[in-house]
Amino acid sequence: MRSLILMIQFMTRYPIPLEIEFTAERFVRGMKWMPLVGLLVALPAAGALSLLDPLLGREIGALAAVIVLILITGGLHLDGIADTADGLFSYRSRERMLAIMRDSTLGTNGVTAIVLSVLVKFVLVKNIPAAGAICAVLAAPVLGRMALTWHSAVARYAREERGIGEYVNQTGLTQAIAATLVSLLLVTAILGPAGLSPSGLVLLVLLLHGSAILLALLFAAYLKRRLGGITGDTIGATIELVEIAALLVFLCTWTSLP
């Protein structure tokens with residue numbers, strides 16, 4: 001429970017009035033609970049969508065869902081994708097890209113990444129059929145947090161100094177597989193009441209997880225070549241990219257599933 005609470009405190013803005021020592025052992029042990037943290041992030045957003053969609057229309061409901069996702073996380077992952085974009089699209093040396101990513105000043109590429117991330121999520125949620133939209137908003141954050149464990153498991157931290165890197169470097173396939181099992185259970189439970197046939201349910205669950213893991217692995221491989229490894233910012237970027245990919249899968253497949 002302490003590991004789970006630590007992950008909630010680290011990844012969200014939920015006010016949990018407990019002081020838990022942040023240790024590498026507790027952090028690594030808590031990685032398997034990342035999908036559950038994603039569900040806790042998703043629940044208020046899905047609630048906003050389900051409440052406002054019938055009252056004010058899909059556009060307002062979709063916008064509210066995206067805003068709530070940002071509020072619950074404090075924009076933590078948007079900051080990650082912004083810093084990652086600023087660094088990678090500067091096309092400088094490895095050391096200079098890492099320095100740019102650490103700089104608190106937001107550049108043009110970072111602003112563009114934030115705007116596009118929010119806009120794309122809004123458009124996707126708005127266009128997913130009604131029954132699938134709630135499921136998508138619930139499942140996407142779960143898959144994003146599951147994917148970060150794979151992103152962390154297959155690459156080392158790009159910087160040498162102590163910090164978050166010493167925790168990330170202790171995350172391995174054991175944590176990634178455990179998080180995937182938790183995610184499979186949660187996503188299956190989310191999709192179960194949606195009226196899909198057993199074959200449609202299995203197909204969508206596997207497609208969502210397969211695409212999420214593949215994207216996380218490919219992004220990590222790309223970063224190893226460009227940066228020599230991953231950073232806290234690229235972990236946040238992975239969450240955002242996988243959430244977008246999951247919403248896209250829902251949009252492309254929902255009406256064709258049995």
# chains A, B, ... in the order shown; residues from 1 in each chain; ligands from 1
call {"tool": "residues_around", "arguments": {"residues": "Leu206 in chain A", "least_positions_apart": "3", "cutoff": "12 Å", "atoms": "only C-alpha atoms", "output": "VMD selection string"}}
result
chain A and resid 143 180 to 181 183 to 185 187 to 188 199 to 203 209 to 214 246 249
call {"tool": "residues_around", "arguments": {"residues": "Ala176 in chain A", "least_positions_apart": "3", "cutoff": "7 Å", "atoms": "only C-alpha atoms", "output": "list in words"}}
result
Lys32, Thr149, Trp150, Ala153, Gly172, Leu173, Ala179 and Thr180 of chain A
call {"tool": "residues_around", "arguments": {"residues": "range 113-123 of chain A", "least_positions_apart": "4", "cutoff": "6 Å", "atoms": "only C-alpha atoms", "output": "number ranges by chain"}}
result
A: 62-63, 78, 82
call {"tool": "write_last_selection", "arguments": {"atoms": "N, CA, C and O atoms", "output": "short mmCIF file (atom, residue, chain, number, x, y, z; two decimals), in the first residue's frame"}}
result
data_model
loop_
_atom_site.label_atom_id
_atom_site.label_comp_id
_atom_site.auth_asym_id
_atom_site.auth_seq_id
_atom_site.Cartn_x
_atom_site.Cartn_y
_atom_site.Cartn_z
N ALA A 62 -16.08 16.39 -24.15
CA ALA A 62 -14.72 15.99 -24.52
C ALA A 62 -13.70 16.99 -24.00
O ALA A 62 -12.64 16.61 -23.48
N LEU A 63 -14.01 18.28 -24.14
CA LEU A 63 -13.10 19.30 -23.64
C LEU A 63 -12.93 19.20 -22.13
O LEU A 63 -11.82 19.29 -21.60
N LEU A 78 2.46 16.68 -19.81
CA LEU A 78 2.55 17.69 -20.87
C LEU A 78 3.89 18.42 -20.78
O LEU A 78 4.50 18.74 -21.81
N ALA A 82 6.68 18.45 -23.76
CA ALA A 82 7.16 19.75 -24.22
C ALA A 82 8.69 19.81 -24.14
O ALA A 82 9.36 20.22 -25.11
#
call {"tool": "residues_around", "arguments": {"residues": "range 41-52 of chain A", "least_positions_apart": "4", "cutoff": "8 Å", "atoms": "only C-alpha atoms", "output": "count of residues only"}}
result
23
call {"tool": "select_by_dssp", "arguments": {"residues": "range 44-246 of chain A", "states": "helix (DSSP H, G or I)", "output": "JSON, numbers by chain"}}
result
{"A": [44, 45, 46, 47, 48, 49, 50, 51, 52, 53, 54, 55, 56, 58, 59, 60, 61, 62, 63, 64, 65, 66, 67, 68, 69, 70, 71, 72, 73, 76, 77, 78, 79, 80, 81, 82, 83, 84, 85, 86, 87, 88, 94, 95, 96, 97, 98, 99, 100, 101, 102, 108, 109, 110, 111, 112, 113, 114, 115, 116, 117, 118, 119, 120, 121, 122, 123, 124, 125, 126, 127, 130, 131, 132, 133, 134, 135, 136, 137, 138, 139, 140, 141, 142, 143, 144, 145, 146, 147, 148, 149, 150, 151, 152, 153, 164, 165, 166, 167, 168, 173, 174, 175, 176, 177, 178, 179, 180, 181, 182, 183, 184, 185, 186, 187, 188, 189, 190, 191, 192, 193, 194, 198, 199, 200, 201, 202, 203, 204, 205, 206, 207, 208, 209, 210, 211, 212, 213, 214, 215, 216, 217, 218, 219, 220, 221, 222, 223, 224, 225, 226, 232, 233, 234, 235, 236, 237, 238, 239, 240, 241, 242, 243, 244, 245, 246]}
call {"tool": "closest_residue", "arguments": {"among": "A:Arg29, A:Lys224, A:Arg2, A:His77", "to": "Tyr157 in chain A", "atoms": "only C-alpha atoms"}}
result
A:Lys224
call {"tool": "closest_residue", "arguments": {"among": "A:Ala130, A:Leu186, A:Leu207, A:Arg226", "to": "Phe89 in chain A", "atoms": "only C-alpha atoms"}}
result
A:Arg226
call {"tool": "residues_around", "arguments": {"residues": "Tyr167 in chain A", "least_positions_apart": "4", "cutoff": "12 Å", "atoms": "only C-alpha atoms", "output": "count of residues only"}}
result
22
call {"tool": "closest_residue", "arguments": {"among": "A:Leu88, A:Ile5, A:Leu55, A:Leu204", "to": "Thr234 in chain A", "atoms": "only C-alpha atoms"}}
result
A:Leu88
call {"tool": "closest_residue", "arguments": {"among": "A:Met1, A:Leu148, A:Leu257, A:Asn127", "to": "Phe219 in chain A", "atoms": "only C-alpha atoms"}}
result
A:Leu148
call {"tool": "closest_residue", "arguments": {"among": "A:Ile128, A:Pro15, A:Ala189, A:Gln9", "to": "Leu248 in chain A", "atoms": "only C-alpha atoms"}}
result
A:Ile128
call {"tool": "residues_around", "arguments": {"residues": "Ala131 in chain A", "least_positions_apart": "6", "cutoff": "10 Å", "atoms": "only C-alpha atoms", "output": "list in words"}}
result
Ser50, Ala194, Gly195, Trp254 and Thr255 of chain A
call {"tool": "decode", "arguments": {"residues": "range 12-42 of chain A", "atoms": "N, CA and C atoms", "output": "PDB file, in the first residue's frame"}}
result
ATOM      1  N   THR A  12       0.199  12.219  -9.431  1.00  0.00           N
ATOM      2  CA  THR A  12      -1.058  12.962  -9.470  1.00  0.00           C
ATOM      3  C   THR A  12      -1.016  14.120  -8.475  1.00  0.00           C
ATOM      4  N   ARG A  13      -2.101  14.876  -8.475  1.00  0.00           N
ATOM      5  CA  ARG A  13      -2.257  15.984  -7.520  1.00  0.00           C
ATOM      6  C   ARG A  13      -3.305  15.664  -6.460  1.00  0.00           C
ATOM      7  N   TYR A  14      -3.628  14.384  -6.298  1.00  0.00           N
ATOM      8  CA  TYR A  14      -4.554  14.014  -5.234  1.00  0.00           C
ATOM      9  C   TYR A  14      -3.917  14.326  -3.873  1.00  0.00           C
ATOM     10  N   PRO A  15      -4.636  15.024  -3.002  1.00  0.00           N
ATOM     11  CA  PRO A  15      -4.064  15.411  -1.698  1.00  0.00           C
ATOM     12  C   PRO A  15      -4.128  14.270  -0.679  1.00  0.00           C
ATOM     13  N   ILE A  16      -3.089  13.463  -0.631  1.00  0.00           N
ATOM     14  CA  ILE A  16      -3.034  12.359   0.334  1.00  0.00           C
ATOM     15  C   ILE A  16      -2.116  12.789   1.479  1.00  0.00           C
ATOM     16  N   PRO A  17      -2.657  13.031   2.670  1.00  0.00           N
ATOM     17  CA  PRO A  17      -1.872  13.603   3.777  1.00  0.00           C
ATOM     18  C   PRO A  17      -1.025  12.571   4.507  1.00  0.00           C
ATOM     19  N   LEU A  18      -0.179  11.880   3.787  1.00  0.00           N
ATOM     20  CA  LEU A  18       0.734  10.914   4.389  1.00  0.00           C
ATOM     21  C   LEU A  18       2.149  11.202   3.893  1.00  0.00           C
ATOM     22  N   GLU A  19       3.104  11.115   4.782  1.00  0.00           N
ATOM     23  CA  GLU A  19       4.498  11.300   4.394  1.00  0.00           C
ATOM     24  C   GLU A  19       5.146   9.931   4.266  1.00  0.00           C
ATOM     25  N   ILE A  20       5.498   9.580   3.029  1.00  0.00           N
ATOM     26  CA  ILE A  20       6.115   8.285   2.755  1.00  0.00           C
ATOM     27  C   ILE A  20       7.491   8.530   2.171  1.00  0.00           C
ATOM     28  N   GLU A  21       8.495   7.908   2.762  1.00  0.00           N
ATOM     29  CA  GLU A  21       9.866   8.104   2.292  1.00  0.00           C
ATOM     30  C   GLU A  21      10.013   7.599   0.862  1.00  0.00           C
ATOM     31  N   PHE A  22      10.619   8.446   0.036  1.00  0.00           N
ATOM     32  CA  PHE A  22      10.809   8.126  -1.376  1.00  0.00           C
ATOM     33  C   PHE A  22      12.123   7.355  -1.522  1.00  0.00           C
ATOM     34  N   THR A  23      12.028   6.045  -1.645  1.00  0.00           N
ATOM     35  CA  THR A  23      13.221   5.208  -1.796  1.00  0.00           C
ATOM     36  C   THR A  23      13.169   4.469  -3.125  1.00  0.00           C
ATOM     37  N   ALA A  24      14.333   4.054  -3.593  1.00  0.00           N
ATOM     38  CA  ALA A  24      14.407   3.328  -4.861  1.00  0.00           C
ATOM     39  C   ALA A  24      13.616   2.027  -4.784  1.00  0.00           C
ATOM     40  N   GLU A  25      13.746   1.321  -3.666  1.00  0.00           N
ATOM     41  CA  GLU A  25      13.045   0.046  -3.512  1.00  0.00           C
ATOM     42  C   GLU A  25      11.538   0.236  -3.586  1.00  0.00           C
ATOM     43  N   ARG A  26      11.042   1.247  -2.891  1.00  0.00           N
ATOM     44  CA  ARG A  26       9.596   1.495  -2.879  1.00  0.00           C
ATOM     45  C   ARG A  26       9.106   1.971  -4.248  1.00  0.00           C
ATOM     46  N   PHE A  27       9.919   2.791  -4.908  1.00  0.00           N
ATOM     47  CA  PHE A  27       9.563   3.291  -6.236  1.00  0.00           C
ATOM     48  C   PHE A  27       9.467   2.143  -7.233  1.00  0.00           C
ATOM     49  N   VAL A  28      10.473   1.275  -7.252  1.00  0.00           N
ATOM     50  CA  VAL A  28      10.478   0.161  -8.201  1.00  0.00           C
ATOM     51  C   VAL A  28       9.333  -0.792  -7.890  1.00  0.00           C
ATOM     52  N   ARG A  29       9.087  -1.066  -6.612  1.00  0.00           N
ATOM     53  CA  ARG A  29       7.986  -1.946  -6.242  1.00  0.00           C
ATOM     54  C   ARG A  29       6.641  -1.355  -6.657  1.00  0.00           C
ATOM     55  N   GLY A  30       6.548  -0.034  -6.641  1.00  0.00           N
ATOM     56  CA  GLY A  30       5.299   0.617  -6.999  1.00  0.00           C
ATOM     57  C   GLY A  30       5.041   0.699  -8.490  1.00  0.00           C
ATOM     58  N   MET A  31       6.034   0.373  -9.309  1.00  0.00           N
ATOM     59  CA  MET A  31       5.844   0.475 -10.754  1.00  0.00           C
ATOM     60  C   MET A  31       4.702  -0.410 -11.253  1.00  0.00           C
ATOM     61  N   LYS A  32       4.503  -1.543 -10.612  1.00  0.00           N
ATOM     62  CA  LYS A  32       3.428  -2.438 -11.066  1.00  0.00           C
ATOM     63  C   LYS A  32       2.054  -1.830 -10.867  1.00  0.00           C
ATOM     64  N   TRP A  33       1.962  -0.810  -9.995  1.00  0.00           N
ATOM     65  CA  TRP A  33       0.673  -0.180  -9.732  1.00  0.00           C
ATOM     66  C   TRP A  33       0.409   1.016 -10.646  1.00  0.00           C
ATOM     67  N   MET A  34       1.309   1.299 -11.566  1.00  0.00           N
ATOM     68  CA  MET A  34       1.125   2.456 -12.442  1.00  0.00           C
ATOM     69  C   MET A  34      -0.211   2.418 -13.199  1.00  0.00           C
ATOM     70  N   PRO A  35      -0.648   1.275 -13.740  1.00  0.00           N
ATOM     71  CA  PRO A  35      -1.953   1.265 -14.414  1.00  0.00           C
ATOM     72  C   PRO A  35      -3.107   1.647 -13.491  1.00  0.00           C
ATOM     73  N   LEU A  36      -3.041   1.244 -12.228  1.00  0.00           N
ATOM     74  CA  LEU A  36      -4.085   1.617 -11.277  1.00  0.00           C
ATOM     75  C   LEU A  36      -4.069   3.121 -11.021  1.00  0.00           C
ATOM     76  N   VAL A  37      -2.874   3.702 -10.969  1.00  0.00           N
ATOM     77  CA  VAL A  37      -2.769   5.156 -10.862  1.00  0.00           C
ATOM     78  C   VAL A  37      -3.432   5.809 -12.078  1.00  0.00           C
ATOM     79  N   GLY A  38      -3.213   5.225 -13.253  1.00  0.00           N
ATOM     80  CA  GLY A  38      -3.848   5.743 -14.456  1.00  0.00           C
ATOM     81  C   GLY A  38      -5.362   5.715 -14.368  1.00  0.00           C
ATOM     82  N   LEU A  39      -5.903   4.648 -13.788  1.00  0.00           N
ATOM     83  CA  LEU A  39      -7.358   4.561 -13.633  1.00  0.00           C
ATOM     84  C   LEU A  39      -7.863   5.639 -12.685  1.00  0.00           C
ATOM     85  N   LEU A  40      -7.123   5.909 -11.617  1.00  0.00           N
ATOM     86  CA  LEU A  40      -7.518   6.962 -10.682  1.00  0.00           C
ATOM     87  C   LEU A  40      -7.490   8.329 -11.349  1.00  0.00           C
ATOM     88  N   VAL A  41      -6.570   8.522 -12.280  1.00  0.00           N
ATOM     89  CA  VAL A  41      -6.533   9.762 -13.064  1.00  0.00           C
ATOM     90  C   VAL A  41      -7.739   9.833 -14.003  1.00  0.00           C
ATOM     91  N   ALA A  42      -8.104   8.686 -14.577  1.00  0.00           N
ATOM     92  CA  ALA A  42      -9.141   8.647 -15.614  1.00  0.00           C
ATOM     93  C   ALA A  42     -10.552   8.794 -15.069  1.00  0.00           C
TER      94      ALA A  42
END
